[in-house]
file query.pdb (PDB, C-alpha atoms)
ATOM      1  CA  TRP A 481      -0.808 -19.382 -11.420
ATOM      2  CA  ASN A 482      -4.321 -20.007 -10.111
ATOM      3  CA  PHE A 483      -5.181 -16.444  -9.058
ATOM      4  CA  GLU A 484      -8.855 -15.580  -8.814
ATOM      5  CA  ASN A 485      -8.468 -11.862  -9.539
ATOM      6  CA  PHE A 486      -5.998  -9.545 -11.181
ATOM      7  CA  CYS A 487      -5.515  -5.973 -12.333
ATOM      8  CA  GLU A 488      -3.097  -5.220 -15.142
ATOM      9  CA  VAL A 489      -1.682  -1.916 -16.288
ATOM     10  CA  GLU A 490       0.018  -2.534 -19.594
ATOM     11  CA  ARG A 491       3.552  -1.367 -20.193
ATOM     12  CA  VAL A 492       4.360   1.427 -22.595
ATOM     13  CA  GLY A 493       7.179   0.406 -24.911
ATOM     14  CA  LEU A 494       9.928  -1.162 -22.849
ATOM     15  CA  SER A 495       9.046   0.573 -19.589
ATOM     16  CA  GLY A 496       6.394   0.332 -16.938
ATOM     17  CA  GLY A 497       3.627  -2.150 -16.579
ATOM     18  CA  LEU A 498       2.061  -3.438 -13.370
ATOM     19  CA  LEU A 499       0.341  -6.702 -12.614
ATOM     20  CA  LEU A 500      -1.412  -7.252  -9.309
ATOM     21  CA  CYS A 501      -2.860 -10.710  -8.620
ATOM     22  CA  TRP A 502      -4.694 -11.934  -5.530
ATOM     23  CA  LYS A 503      -6.535 -14.903  -4.145
ATOM     24  CA  ASN A 504      -8.604 -15.474  -1.003
ATOM     25  CA  ILE A 505      -8.695 -11.817   0.094
ATOM     26  CA  SER A 506     -11.285  -9.087  -0.289
ATOM     27  CA  LEU A 507      -9.465  -6.498  -2.411
ATOM     28  CA  ASN A 508     -11.040  -3.668  -4.413
ATOM     29  CA  VAL A 509      -9.143  -1.714  -7.045
ATOM     30  CA  LEU A 510     -10.077   1.927  -6.441
ATOM     31  CA  GLU A 511      -8.025   3.449  -9.255
ATOM     32  CA  ALA A 512      -5.459   2.302 -11.801
ATOM     33  CA  THR A 513      -3.317   4.289 -14.203
ATOM     34  CA  LYS A 514      -0.147   3.456 -16.120
ATOM     35  CA  ASN A 515       1.842   4.506 -13.010
ATOM     36  CA  PHE A 516      -0.069   2.948 -10.108
ATOM     37  CA  ILE A 517      -2.778   0.625  -8.827
ATOM     38  CA  HIS A 518      -4.555   1.945  -5.717
ATOM     39  CA  THR A 519      -6.526  -0.618  -3.687
ATOM     40  CA  ARG A 520      -8.529  -1.146  -0.526
ATOM     41  CA  MET A 521      -8.460  -4.450   1.303
ATOM     42  CA  LYS A 522     -10.655  -5.686   4.127
ATOM     43  CA  HIS A 523      -8.372  -7.516   6.535
ATOM     44  CA  PRO A 524     -10.013  -9.855   9.072
ATOM     45  CA  THR A 525      -7.901  -8.482  11.960
ATOM     46  CA  PHE A 526      -7.015  -4.895  11.009
ATOM     47  CA  GLY A 527     -10.147  -3.836   9.158
ATOM     48  CA  LEU A 528      -9.697  -1.596   6.135
ATOM     49  CA  CYS A 529      -6.157  -1.284   4.773
ATOM     50  CA  TYR A 530      -5.055   0.568   1.671
ATOM     51  CA  PHE A 531      -2.277  -0.530  -0.679
ATOM     52  CA  THR A 532      -0.836   1.494  -3.520
ATOM     53  CA  PHE A 533       1.553  -0.133  -5.975
ATOM     54  CA  GLU A 534       3.554   2.343  -8.035
ATOM     55  CA  TYR A 535       5.810   2.367 -11.034
ATOM     56  CA  GLY A 536       7.308   5.868 -11.051
ATOM     57  CA  HIS A 537       7.213   7.862 -14.236
ATOM     58  CA  PRO A 538      10.448   7.437 -16.196
ATOM     59  CA  LYS A 539      10.395  11.092 -17.333
ATOM     60  CA  THR A 540      11.673  13.478 -14.659
ATOM     61  CA  ASN A 541       9.245  16.255 -15.618
ATOM     62  CA  LYS A 542       6.250  13.925 -15.062
ATOM     63  CA  ARG A 543       7.203  12.635 -11.587
ATOM     64  CA  LYS A 544       5.685  15.532  -9.643
ATOM     65  CA  GLU A 545       2.352  14.952 -11.389
ATOM     66  CA  VAL A 546       2.332  11.296 -10.281
ATOM     67  CA  TRP A 547       3.433  12.189  -6.720
ATOM     68  CA  ASP A 548       0.694  14.833  -6.450
ATOM     69  CA  GLN A 549      -1.957  12.406  -7.635
ATOM     70  CA  LEU A 550      -0.825   9.734  -5.190
ATOM     71  CA  ALA A 551      -0.551  12.212  -2.304
ATOM     72  CA  SER A 552      -4.166  13.280  -2.923
ATOM     73  CA  PHE A 553      -5.318   9.784  -1.871
ATOM     74  CA  GLN A 554      -4.548  10.556   1.777
ATOM     75  CA  GLU A 555      -7.678  12.727   1.978
ATOM     76  CA  HIS A 556      -9.838   9.610   1.475
ATOM     77  CA  ILE A 557      -7.880   7.083   3.506
ATOM     78  CA  ASN A 558      -9.142   6.231   6.974
ATOM     79  CA  GLY A 559      -6.876   3.348   7.937
ATOM     80  CA  PRO A 560      -3.392   1.929   7.418
ATOM     81  CA  TRP A 561      -1.842   2.712   4.027
ATOM     82  CA  ILE A 562       1.084   0.908   2.447
ATOM     83  CA  TRP A 563       2.703   2.447  -0.605
ATOM     84  CA  ILE A 564       5.051   0.105  -2.494
ATOM     85  CA  GLY A 565       6.855   0.504  -5.768
ATOM     86  CA  ASP A 566       9.665   1.461  -8.037
ATOM     87  CA  PHE A 567       9.717   5.221  -7.675
ATOM     88  CA  ASN A 568      12.367   5.788 -10.401
ATOM     89  CA  GLN A 569      14.286   8.144  -8.089
ATOM     90  CA  VAL A 570      13.222  10.784  -5.618
ATOM     91  CA  LEU A 571      11.121  13.757  -6.630
ATOM     92  CA  SER A 572      13.951  16.252  -6.129
ATOM     93  CA  ASN A 573      17.641  16.229  -5.108
ATOM     94  CA  ALA A 574      16.661  17.897  -1.808
ATOM     95  CA  GLU A 575      15.053  14.597  -0.757
ATOM     96  CA  LYS A 576      18.181  12.600  -1.541
ATOM     97  CA  LYS A 577      20.353  11.456   1.337
ATOM     98  CA  SER A 578      23.712  10.033   0.304
ATOM     99  CA  SER A 579      27.340  10.322   1.252
ATOM    100  CA  THR A 580      28.160  10.878  -2.436
ATOM    101  CA  SER A 581      25.749  13.723  -3.218
TER     102      SER A 581
END
call {"tool": "encode", "arguments": {"input": "query.pdb", "output": "C-alpha cells"}}
result
Amino acid sequence: WNFENFCEVERVGLSGGLLLCWKNISLNVLEATKNFIHTRMKHPTFGLCYFTFEYGHPKTNKRKEVWDQLASFQEHINGPWIWIGDFNQVLSNAEKKSSTS
C-alpha cells in the first residue's frame, strides 16, 4: 500500500481492531488503546488539528469508561478536533433520537 507510517491496535477475538496509515503528513500518535487511536496533525493551512479514531467497546457496561477517557482529551486540545469511529451505539437510551424508540 506504500504507506510510510502506521499505528495498529490489534483486534480481540472477532471484534475490534484499528489500523491507521498515513503518508506525506506530519501526524503524531498521542495515545492508542484497543478502543481508539488519538492523534495530532500539523496541517499546513489550519495549524494543529486533532483526530481521534474510535472503535466503541462491544460490552455495554464498558462504554462509559471509553467515553470518559475520550472526553478527558478535550482538556489538552487547543485546536480543531475530529472524532471518527464506530461507536457501537450511544452511551444511553436518553441520547437516542428515533421515531421507533
call {"tool": "atom_distance", "arguments": {"input": "query.pdb", "atom1": "CA of Cys501 in chain A", "atom2": "CA of Thr532 in chain A"}}
result
13.4 Å
call {"tool": "atom_distance", "arguments": {"input": "query.pdb", "atom1": "CA of Leu550 in chain A", "atom2": "CA of Gly527 in chain A"}}
result
21.8 Å
call {"tool": "residues_near_point", "arguments": {"input": "query.pdb", "point": "(-10.3, -9.4, 4.0)", "cutoff": "6 Å", "atoms": "only C-alpha atoms", "output": "MDAnalysis selection string"}}
result
chainID A and resid 505:506 521:524
call {"tool": "closest_atom_pairs", "arguments": {"input": "query.pdb", "of": "range 500-539 of chain A", "to": "range 552-569 of chain A", "cutoff": "9 Å", "atoms": "all atoms listed in the file", "output": "JSON lines"}}
result
{"residue": "A:Phe516", "atom": "CA", "partner": "A:Gly565", "partner_atom": "CA", "distance": 8.5}
{"residue": "A:His518", "atom": "CA", "partner": "A:Phe553", "partner_atom": "CA", "distance": 8.8}
{"residue": "A:Arg520", "atom": "CA", "partner": "A:Trp561", "partner_atom": "CA", "distance": 9.0}
{"residue": "A:Phe526", "atom": "CA", "partner": "A:Pro560", "partner_atom": "CA", "distance": 8.5}
{"residue": "A:Gly527", "atom": "CA", "partner": "A:Gly559", "partner_atom": "CA", "distance": 8.0}
{"residue": "A:Leu528", "atom": "CA", "partner": "A:Gly559", "partner_atom": "CA", "distance": 6.0}
{"residue": "A:Cys529", "atom": "CA", "partner": "A:Pro560", "partner_atom": "CA", "distance": 5.0}
{"residue": "A:Tyr530", "atom": "CA", "partner": "A:Trp561", "partner_atom": "CA", "distance": 4.5}
{"residue": "A:Phe531", "atom": "CA", "partner": "A:Ile562", "partner_atom": "CA", "distance": 4.8}
{"residue": "A:Thr532", "atom": "CA", "partner": "A:Trp563", "partner_atom": "CA", "distance": 4.7}
{"residue": "A:Phe533", "atom": "CA", "partner": "A:Ile564", "partner_atom": "CA", "distance": 4.9}
{"residue": "A:Glu534", "atom": "CA", "partner": "A:Gly565", "partner_atom": "CA", "distance": 4.4}
{"residue": "A:Tyr535", "atom": "CA", "partner": "A:Asp566", "partner_atom": "CA", "distance": 5.0}
{"residue": "A:Gly536", "atom": "CA", "partner": "A:Phe567", "partner_atom": "CA", "distance": 4.2}
{"residue": "A:His537", "atom": "CA", "partner": "A:Asn568", "partner_atom": "CA", "distance": 6.8}
{"residue": "A:Pro538", "atom": "CA", "partner": "A:Asn568", "partner_atom": "CA", "distance": 6.3}
{"residue": "A:Lys539", "atom": "CA", "partner": "A:Asn568", "partner_atom": "CA", "distance": 8.9}
call {"tool": "residues_near_point", "arguments": {"input": "query.pdb", "point": "(0.1, 1.7, -18.9)", "cutoff": "9 Å", "atoms": "all atoms listed in the file", "output": "short mmCIF file (atom, residue, chain, number, x, y, z; two decimals) with C-alpha atoms, in the frame of the given file"}}
result
data_model
loop_
_atom_site.label_atom_id
_atom_site.label_comp_id
_atom_site.auth_asym_id
_atom_site.auth_seq_id
_atom_site.Cartn_x
_atom_site.Cartn_y
_atom_site.Cartn_z
CA GLU A 488 -3.10 -5.22 -15.14
CA VAL A 489 -1.68 -1.92 -16.29
CA GLU A 490 0.02 -2.53 -19.59
CA ARG A 491 3.55 -1.37 -20.19
CA VAL A 492 4.36 1.43 -22.60
CA GLY A 496 6.39 0.33 -16.94
CA GLY A 497 3.63 -2.15 -16.58
CA LEU A 498 2.06 -3.44 -13.37
CA THR A 513 -3.32 4.29 -14.20
CA LYS A 514 -0.15 3.46 -16.12
CA ASN A 515 1.84 4.51 -13.01
CA PHE A 516 -0.07 2.95 -10.11
#
